[in-house]
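Here's data-v7.cif, which has mmCIF, C-alpha atoms:
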```cif
data_data
#
loop_
_atom_site.label_atom_id
_atom_site.label_comp_id
_atom_site.auth_asym_id
_atom_site.auth_seq_id
_atom_site.Cartn_x
_atom_site.Cartn_y
_atom_site.Cartn_z
CA MET A 212 -3.26 -12.15 20.21
CA GLY A 213 -5.27 -9.47 21.88
CA PHE A 214 -6.51 -7.62 18.78
CA ALA A 215 -10.06 -7.30 17.55
CA HIS A 216 -11.46 -5.84 14.36
CA SER A 217 -13.44 -2.72 15.15
CA ASP A 218 -15.89 -0.71 13.09
CA HIS A 219 -14.35 2.31 11.43
CA PRO A 220 -15.50 5.81 12.43
CA SER A 221 -18.29 7.39 10.43
CA ASP A 222 -16.09 10.02 8.88
CA PRO A 223 -16.88 10.97 5.26
CA ARG A 224 -13.14 11.28 4.63
CA HIS A 225 -12.47 7.74 5.84
CA PRO A 226 -11.44 5.39 3.00
CA SER A 227 -14.01 2.79 4.06
CA ASP A 228 -16.88 5.30 3.95
CA ARG A 229 -16.10 6.74 0.56
CA THR A 230 -17.79 5.55 -2.62
CA PRO A 231 -15.55 4.63 -5.54
CA PRO A 232 -14.99 7.54 -7.94
CA SER A 233 -17.12 7.58 -11.05
CA GLY A 234 -15.78 7.38 -14.56
CA ARG A 235 -13.63 4.95 -16.49
CA ARG A 236 -10.77 3.35 -14.61
CA GLN A 237 -7.33 4.26 -15.83
CA PRO A 238 -5.31 1.58 -17.65
CA LEU A 239 -2.69 -0.40 -15.79
CA GLY A 240 0.03 0.70 -18.15
CA ARG A 241 1.31 3.73 -19.98
CA TRP A 242 1.85 3.39 -23.72
CA PRO A 243 4.39 5.51 -25.65
CA SER A 244 1.91 5.65 -28.55
CA ASP A 245 -0.25 8.02 -26.52
CA PRO A 246 2.31 10.24 -24.79
CA VAL A 247 1.87 13.51 -23.00
CA GLY A 248 5.18 14.75 -24.39
CA PRO A 249 8.13 13.41 -26.42
CA VAL A 250 8.49 9.63 -26.31
CA ASP A 251 11.46 8.32 -24.38
CA PRO A 252 12.68 5.02 -25.93
CA SER A 253 13.53 3.79 -22.44
CA ASP A 254 9.90 4.13 -21.29
CA PRO A 255 8.24 0.77 -20.59
CA VAL A 256 5.53 -0.48 -22.94
CA LEU A 257 3.61 -1.62 -19.89
CA ALA A 258 3.86 -0.29 -16.34
CA LEU A 259 2.13 -2.06 -13.48
CA LYS A 260 0.98 0.11 -10.59
CA ILE A 261 1.26 -1.09 -6.99
CA LEU A 262 0.26 0.82 -3.87
CA VAL A 263 2.07 0.61 -0.53
CA ALA A 264 -0.33 1.53 2.27
CA GLY A 265 -0.63 1.23 6.04
CA GLY A 266 -0.67 3.25 9.21
CA PHE A 267 1.45 6.18 10.32
CA GLY A 268 5.13 5.32 10.80
CA VAL A 269 4.83 1.70 9.65
CA GLY A 270 7.66 1.88 7.08
CA LYS A 271 6.00 2.67 3.74
CA THR A 272 8.60 5.25 2.69
CA THR A 273 11.38 2.90 3.81
CA LEU A 274 10.01 0.00 1.73
CA VAL A 275 9.61 2.07 -1.44
CA GLY A 276 13.12 3.46 -1.04
CA ALA A 277 14.63 0.03 -0.40
CA VAL A 278 13.29 -1.63 -3.56
CA SER A 279 13.27 1.28 -6.02
CA GLU A 280 15.96 1.25 -8.70
CA ILE A 281 15.71 5.03 -9.04
CA ARG A 282 16.04 7.68 -6.39
CA PRO A 283 12.52 7.65 -4.96
CA LEU A 284 10.32 10.71 -5.04
CA ARG A 285 9.36 11.62 -1.50
CA THR A 286 6.94 14.25 -0.21
CA GLU A 287 7.96 14.32 3.43
CA GLU A 288 7.62 17.17 5.88
CA ARG A 289 9.07 17.42 9.36
CA LEU A 290 6.76 16.75 12.27
CA THR A 291 6.18 19.89 14.29
CA GLU A 292 4.82 20.79 17.69
CA ALA A 293 1.55 21.82 16.01
CA GLY A 294 0.86 18.21 15.04
CA ARG A 295 1.57 16.72 18.46
CA GLY A 296 -2.12 16.38 19.28
CA VAL A 297 -2.94 15.00 15.81
CA ASP A 298 -0.19 12.49 14.99
CA ASP A 299 -0.01 9.54 17.38
CA LEU A 300 3.68 8.81 17.98
CA ASP A 301 3.09 6.03 20.49
CA GLY A 302 5.56 3.31 19.51
CA VAL A 303 7.29 5.47 16.87
CA GLU A 304 8.62 8.23 19.08
CA ARG A 305 11.80 8.60 17.01
CA LYS A 306 9.89 9.42 13.82
CA SER A 307 10.69 12.99 12.74
CA ALA A 308 9.01 13.32 9.32
CA THR A 309 5.84 12.15 7.57
CA THR A 310 4.61 11.68 3.99
CA VAL A 311 2.10 14.35 3.02
CA ALA A 312 1.24 13.27 -0.55
CA MET A 313 2.93 10.10 -1.76
CA ASP A 314 6.19 8.23 -2.26
CA PHE A 315 7.10 7.02 -5.74
CA GLY A 316 9.58 4.41 -6.92
CA ARG A 317 10.21 2.21 -9.94
CA ILE A 318 11.45 -1.33 -10.60
CA THR A 319 12.21 -2.68 -14.09
CA ILE A 320 11.11 -6.31 -14.38
CA ARG A 321 12.36 -6.79 -17.93
CA GLU A 322 12.58 -4.76 -21.12
CA GLY A 323 9.20 -3.18 -21.74
CA LEU A 324 7.78 -4.00 -18.30
CA ALA A 325 8.16 -1.99 -15.11
CA VAL A 326 6.48 -1.71 -11.73
CA TYR A 327 5.63 1.73 -10.35
CA LEU A 328 5.28 1.94 -6.58
CA PHE A 329 3.09 4.56 -4.92
CA GLY A 330 3.32 4.91 -1.15
CA THR A 331 0.18 6.40 0.40
CA PRO A 332 0.17 8.86 3.32
CA GLY A 333 -0.83 7.26 6.61
CA GLN A 334 -2.73 9.96 8.52
CA ASP A 335 -6.49 10.29 8.20
CA ARG A 336 -6.28 13.92 7.07
CA PHE A 337 -4.72 12.70 3.79
CA TRP A 338 -7.28 9.97 3.08
CA PHE A 339 -8.81 12.03 0.27
CA LEU A 340 -5.74 11.14 -1.83
CA TRP A 341 -6.30 7.39 -1.67
CA ASP A 342 -9.00 7.13 -4.36
CA GLU A 343 -6.82 8.98 -6.85
CA LEU A 344 -3.76 6.88 -6.07
CA ALA A 345 -5.77 3.65 -6.34
CA GLN A 346 -6.91 4.32 -9.91
CA GLY A 347 -5.63 1.54 -12.17
CA ALA A 348 -3.68 -0.29 -9.45
CA LEU A 349 -2.86 -3.96 -9.99
CA GLY A 350 -2.83 -4.47 -6.22
CA ALA A 351 -1.51 -3.19 -2.92
CA VAL A 352 0.80 -3.97 -0.05
CA VAL A 353 -0.62 -3.17 3.40
CA LEU A 354 2.29 -2.76 5.81
CA ALA A 355 1.50 -3.64 9.41
CA ASP A 356 3.19 -3.05 12.75
CA THR A 357 1.98 -5.51 15.42
CA ARG A 358 2.49 -2.84 18.11
CA ARG A 359 -0.14 -0.70 16.36
CA LEU A 360 -2.09 -3.26 14.36
CA THR A 361 -5.35 -1.34 14.41
CA ASP A 362 -3.65 1.41 12.37
CA CYS A 363 -3.86 -0.74 9.24
CA PHE A 364 -7.62 -1.43 9.56
CA PRO A 365 -8.52 1.54 7.29
CA ALA A 366 -6.20 0.30 4.51
CA VAL A 367 -7.54 -3.27 4.79
CA ASP A 368 -11.13 -1.99 4.65
CA PHE A 369 -10.35 0.31 1.72
CA PHE A 370 -8.93 -2.41 -0.52
CA GLU A 371 -11.46 -5.06 0.52
CA HIS A 372 -14.41 -2.78 -0.25
CA ARG A 373 -13.01 -1.87 -3.68
CA GLY A 374 -12.02 -5.38 -4.64
CA ILE A 375 -8.34 -4.49 -5.02
CA PRO A 376 -6.07 -7.51 -4.35
CA PHE A 377 -3.63 -6.94 -1.50
CA VAL A 378 -1.19 -8.69 0.79
CA VAL A 379 -0.44 -7.78 4.39
CA ALA A 380 3.28 -7.43 5.07
CA VAL A 381 4.19 -7.42 8.76
CA ASN A 382 7.22 -5.17 9.17
CA ARG A 383 9.58 -6.62 11.77
CA PHE A 384 10.76 -4.01 14.25
CA ALA A 385 13.65 -4.75 16.61
CA GLY A 386 12.60 -5.67 20.13
CA THR A 387 8.97 -6.43 19.27
CA ARG A 388 7.16 -9.72 19.76
CA GLU A 389 6.73 -11.74 16.59
CA TYR A 390 3.42 -13.30 15.59
CA ARG A 391 2.73 -16.02 13.05
CA PRO A 392 1.05 -14.92 9.78
CA GLU A 393 -2.10 -16.87 10.65
CA GLU A 394 -2.36 -15.01 13.97
CA VAL A 395 -2.15 -11.66 12.19
CA ALA A 396 -4.73 -12.80 9.62
CA ARG A 397 -7.18 -13.70 12.41
CA ALA A 398 -6.57 -10.43 14.25
CA LEU A 399 -7.27 -8.44 11.09
CA ASP A 400 -10.26 -10.64 10.17
CA LEU A 401 -8.91 -11.01 6.64
CA ASP A 402 -10.84 -12.68 3.85
CA SER A 403 -9.74 -16.24 3.23
CA GLY A 404 -6.81 -16.39 0.82
CA THR A 405 -5.40 -12.93 1.57
CA PRO A 406 -1.65 -13.55 2.08
CA VAL A 407 0.20 -12.39 5.19
CA VAL A 408 4.00 -12.28 4.96
CA LEU A 409 6.77 -11.18 7.32
CA CYS A 410 9.31 -8.66 6.08
CA ASP A 411 12.01 -6.16 6.91
CA ALA A 412 11.13 -2.96 5.01
CA ARG A 413 14.77 -1.86 5.13
CA GLN A 414 16.02 -4.83 3.11
CA ARG A 415 15.72 -4.80 -0.68
CA ALA A 416 15.50 -8.60 -0.97
CA SER A 417 12.75 -8.74 1.65
CA GLY A 418 10.78 -5.98 -0.07
CA LYS A 419 11.07 -7.69 -3.45
CA GLU A 420 9.76 -10.92 -1.92
CA VAL A 421 6.70 -9.01 -0.68
CA LEU A 422 6.07 -7.63 -4.18
CA ILE A 423 6.45 -11.08 -5.74
CA ASN A 424 3.83 -12.41 -3.32
CA LEU A 425 1.51 -9.56 -4.25
CA VAL A 426 1.89 -9.99 -8.02
CA GLU A 427 1.27 -13.73 -7.75
CA HIS A 428 -1.79 -13.17 -5.54
CA ALA A 429 -3.16 -10.44 -7.81
CA GLY A 430 -2.67 -12.71 -10.82
CA ARG A 431 -4.71 -15.47 -9.18
CA VAL A 432 -7.47 -13.04 -8.19
CA HIS A 433 -7.76 -11.45 -11.63
CA ALA A 434 -7.65 -14.86 -13.36
CA ALA A 435 -10.45 -16.16 -11.13
CA ARG A 436 -12.57 -13.09 -11.88
CA LEU A 437 -12.01 -13.50 -15.62
CA LEU A 438 -13.03 -17.16 -15.49
CA ALA A 439 -16.13 -16.22 -13.49
CA GLU A 440 -17.09 -13.60 -16.09
CA VAL A 441 -16.59 -16.04 -18.93
CA GLY A 442 -18.65 -18.66 -17.09
CA SER A 443 -21.51 -16.27 -16.42
CA ALA A 444 -21.48 -15.06 -20.02
CA GLY A 445 -21.71 -18.64 -21.28
#
```

Take the structure from the file and write it as structure tokens.
Amino acid sequence: MGFAHSDHPSDPRHPSDRTPPSGRRQPLGRWPSDPVGPVDPSDPVLALKILVAGGFGVGKTTLVGAVSEIRPLRTEERLTEAGRGVDDLDGVERKSATTVAMDFGRITIREGLAVYLFGTPGQDRFWFLWDELAQGALGAVVLADTRRLTDCFPAVDFFEHRGIPFVVAVNRFAGTREYRPEEVARALDLDSGTPVVLCDARQRASGKEVLINLVEHAGRVHAARLLAEVGSAG
């Protein structure tokens, strides 16, 4: 396939070089019994947190917007001439804006259960936000563009090093060569069992299928860890 996993740069801001933050991890859900303000009866009893990560211009904002049942919160700024030497637009020349903090969306699974989606910024100058966004996450979606596959190496390394379950979703762009999931898995040197799925980030049904794959994978990972803990304790 022509891709090879390379070592990440020794940059203290790089997600793969950063140590996990200290302190107690935040819970997966938000409970109305411990609110910051007045309780809204429509608030879910449990909210699962999922991250959407990947390289610059891979479609993270598009995916969150496609599947969210609410108008997504976006923190986009227009690309300017000042960032020309910083933001690599090779392959995404038509991109005119970029996420500078996060994207946020919500999906209600059933009464009392919702999924909150947090899209991470792609450029390395915003990597310092990743640890905060990852607190309490059930799992993550790593979006990949086969034209710029190396751009998702930092996200893959970040979640692997922190033990956060993730799936790789290859976003299909018009006019690009398609690769089989197993080819992408080999190119990214993924751990055995990490799912790779094909998707169209613009389509709601396709995005929901990606999230279903992630939740199922995360469930298997967390169940296996629980069984291992019980076995070691016995």

Just the number, please: distance in Å from CA of Leu438 in chain A to CA of Ile375 in chain A, one decimal.
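That distance, rounded to one decimal, is 17.1 Å.
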
Selected residue, from A:Ala277, A:Val395, A:Leu328, A:Leu262, that lies nearest to Pro376 in chain A when counting all atoms listed in the file
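Smallest separation from Pro376 in chain A among the options: A:Leu262.
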
Counting all atoms listed in the file, which residues sit no farther than 12 Å from the position (-4.2, -10.3, -1.9) in the file's frame? I'd like them as a ChimeraX atom specification.
/A:261,349-353,367,370-371,374-380,396,401-408,421-433

A:Lys260, A:Lys271, A:Arg397, A:Arg383: which is nearest Asp356 in chain A, counting all atoms listed in the file?
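When distances to Asp356 in chain A are compared using all atoms listed in the file, the smallest one comes from A:Arg383.
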
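One distance worth recording is that between CA of Gly266 in chain A and CA of Ile320 in chain A, which is 28.0 Å.
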
Smallest atom-to-atom distance to Gln346 in chain A: which of A:Arg373, A:Gly442, A:Leu399, A:Arg415, using all atoms listed in the file?
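Residue with the minimum atom-to-atom distance to Gln346 in chain A: A:Arg373.
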
Enter the distance from CA of Gly276 in chain A to CA of Asp362 in chain A, in Å, rounded to one decimal.
21.6 Å

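Applied to this file, the PyMOL selection byres ((chain A and resi 264) around 6) selects Val263, Gly265, Thr331 and Val353 of chain A.
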
Please write the residues from the selection above to a file, keeping C-alpha atoms, as a PDB file, keeping the file's coordinate frame.
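Generated file (result34.pdb):
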```pdb
ATOM      1  CA  VAL A 263       2.070   0.610  -0.530  1.00  0.00           C
ATOM      2  CA  GLY A 265      -0.630   1.230   6.040  1.00  0.00           C
ATOM      3  CA  THR A 331       0.180   6.400   0.400  1.00  0.00           C
ATOM      4  CA  VAL A 353      -0.620  -3.170   3.400  1.00  0.00           C
TER       5      VAL A 353
END
```

Residue IDs satisfying the PyMOL selection byres ((chain A and resi 389-391) around 12), as a PyMOL selection string
chain A and resi 212-214+355-358+360+380-388+392-398+407-410

Who sits within 6 Å of Arg317 in chain A, all atoms listed in the file, same chain under 5 positions skipped, as number ranges by chain:
A: 279-280, 326-328

Saved selection, atoms kept: C-alpha atoms, as a compact mmCIF listing (two decimals), keeping the file's coordinate frame:
```
# COMPACT_ATOMS: atom_id res chain seq x y z
CA SER A 279 13.27 1.28 -6.02
CA GLU A 280 15.96 1.25 -8.70
CA VAL A 326 6.48 -1.71 -11.73
CA TYR A 327 5.63 1.73 -10.35
CA LEU A 328 5.28 1.94 -6.58
```

Counting all atoms listed in the file, the residue of A:Asp400, A:Glu322, A:Glu420, A:Asp342 that sits nearest Phe364 in chain A:
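Result for the nearest residue to Phe364 in chain A: A:Asp400.
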
So for range 367-383 of chain A, what box centre and size do we get, axis-aligned, 8 Å extra on each of the six sides, every listed atom, Å to one decimal, as lines of an AutoDock Vina configuration file?
```
center_x = -2.4
center_y = -4.2
center_z = 3.4
size_x = 40.0
size_y = 25.0
size_z = 32.8
```

With all atoms listed in the file as the basis for distance, which of A:Arg359, A:Phe369, A:Arg282, A:Asp314 is at the shortest distance from Trp341 in chain A?
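Ranked by minimum distance to Trp341 in chain A, first place goes to A:Phe369.
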
Shortest interatomic distance to Pro332 in chain A - which of A:Val278, A:Lys419, A:Thr272, A:Ala345, counting all atoms listed in the file
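Residue with the minimum atom-to-atom distance to Pro332 in chain A: A:Thr272.
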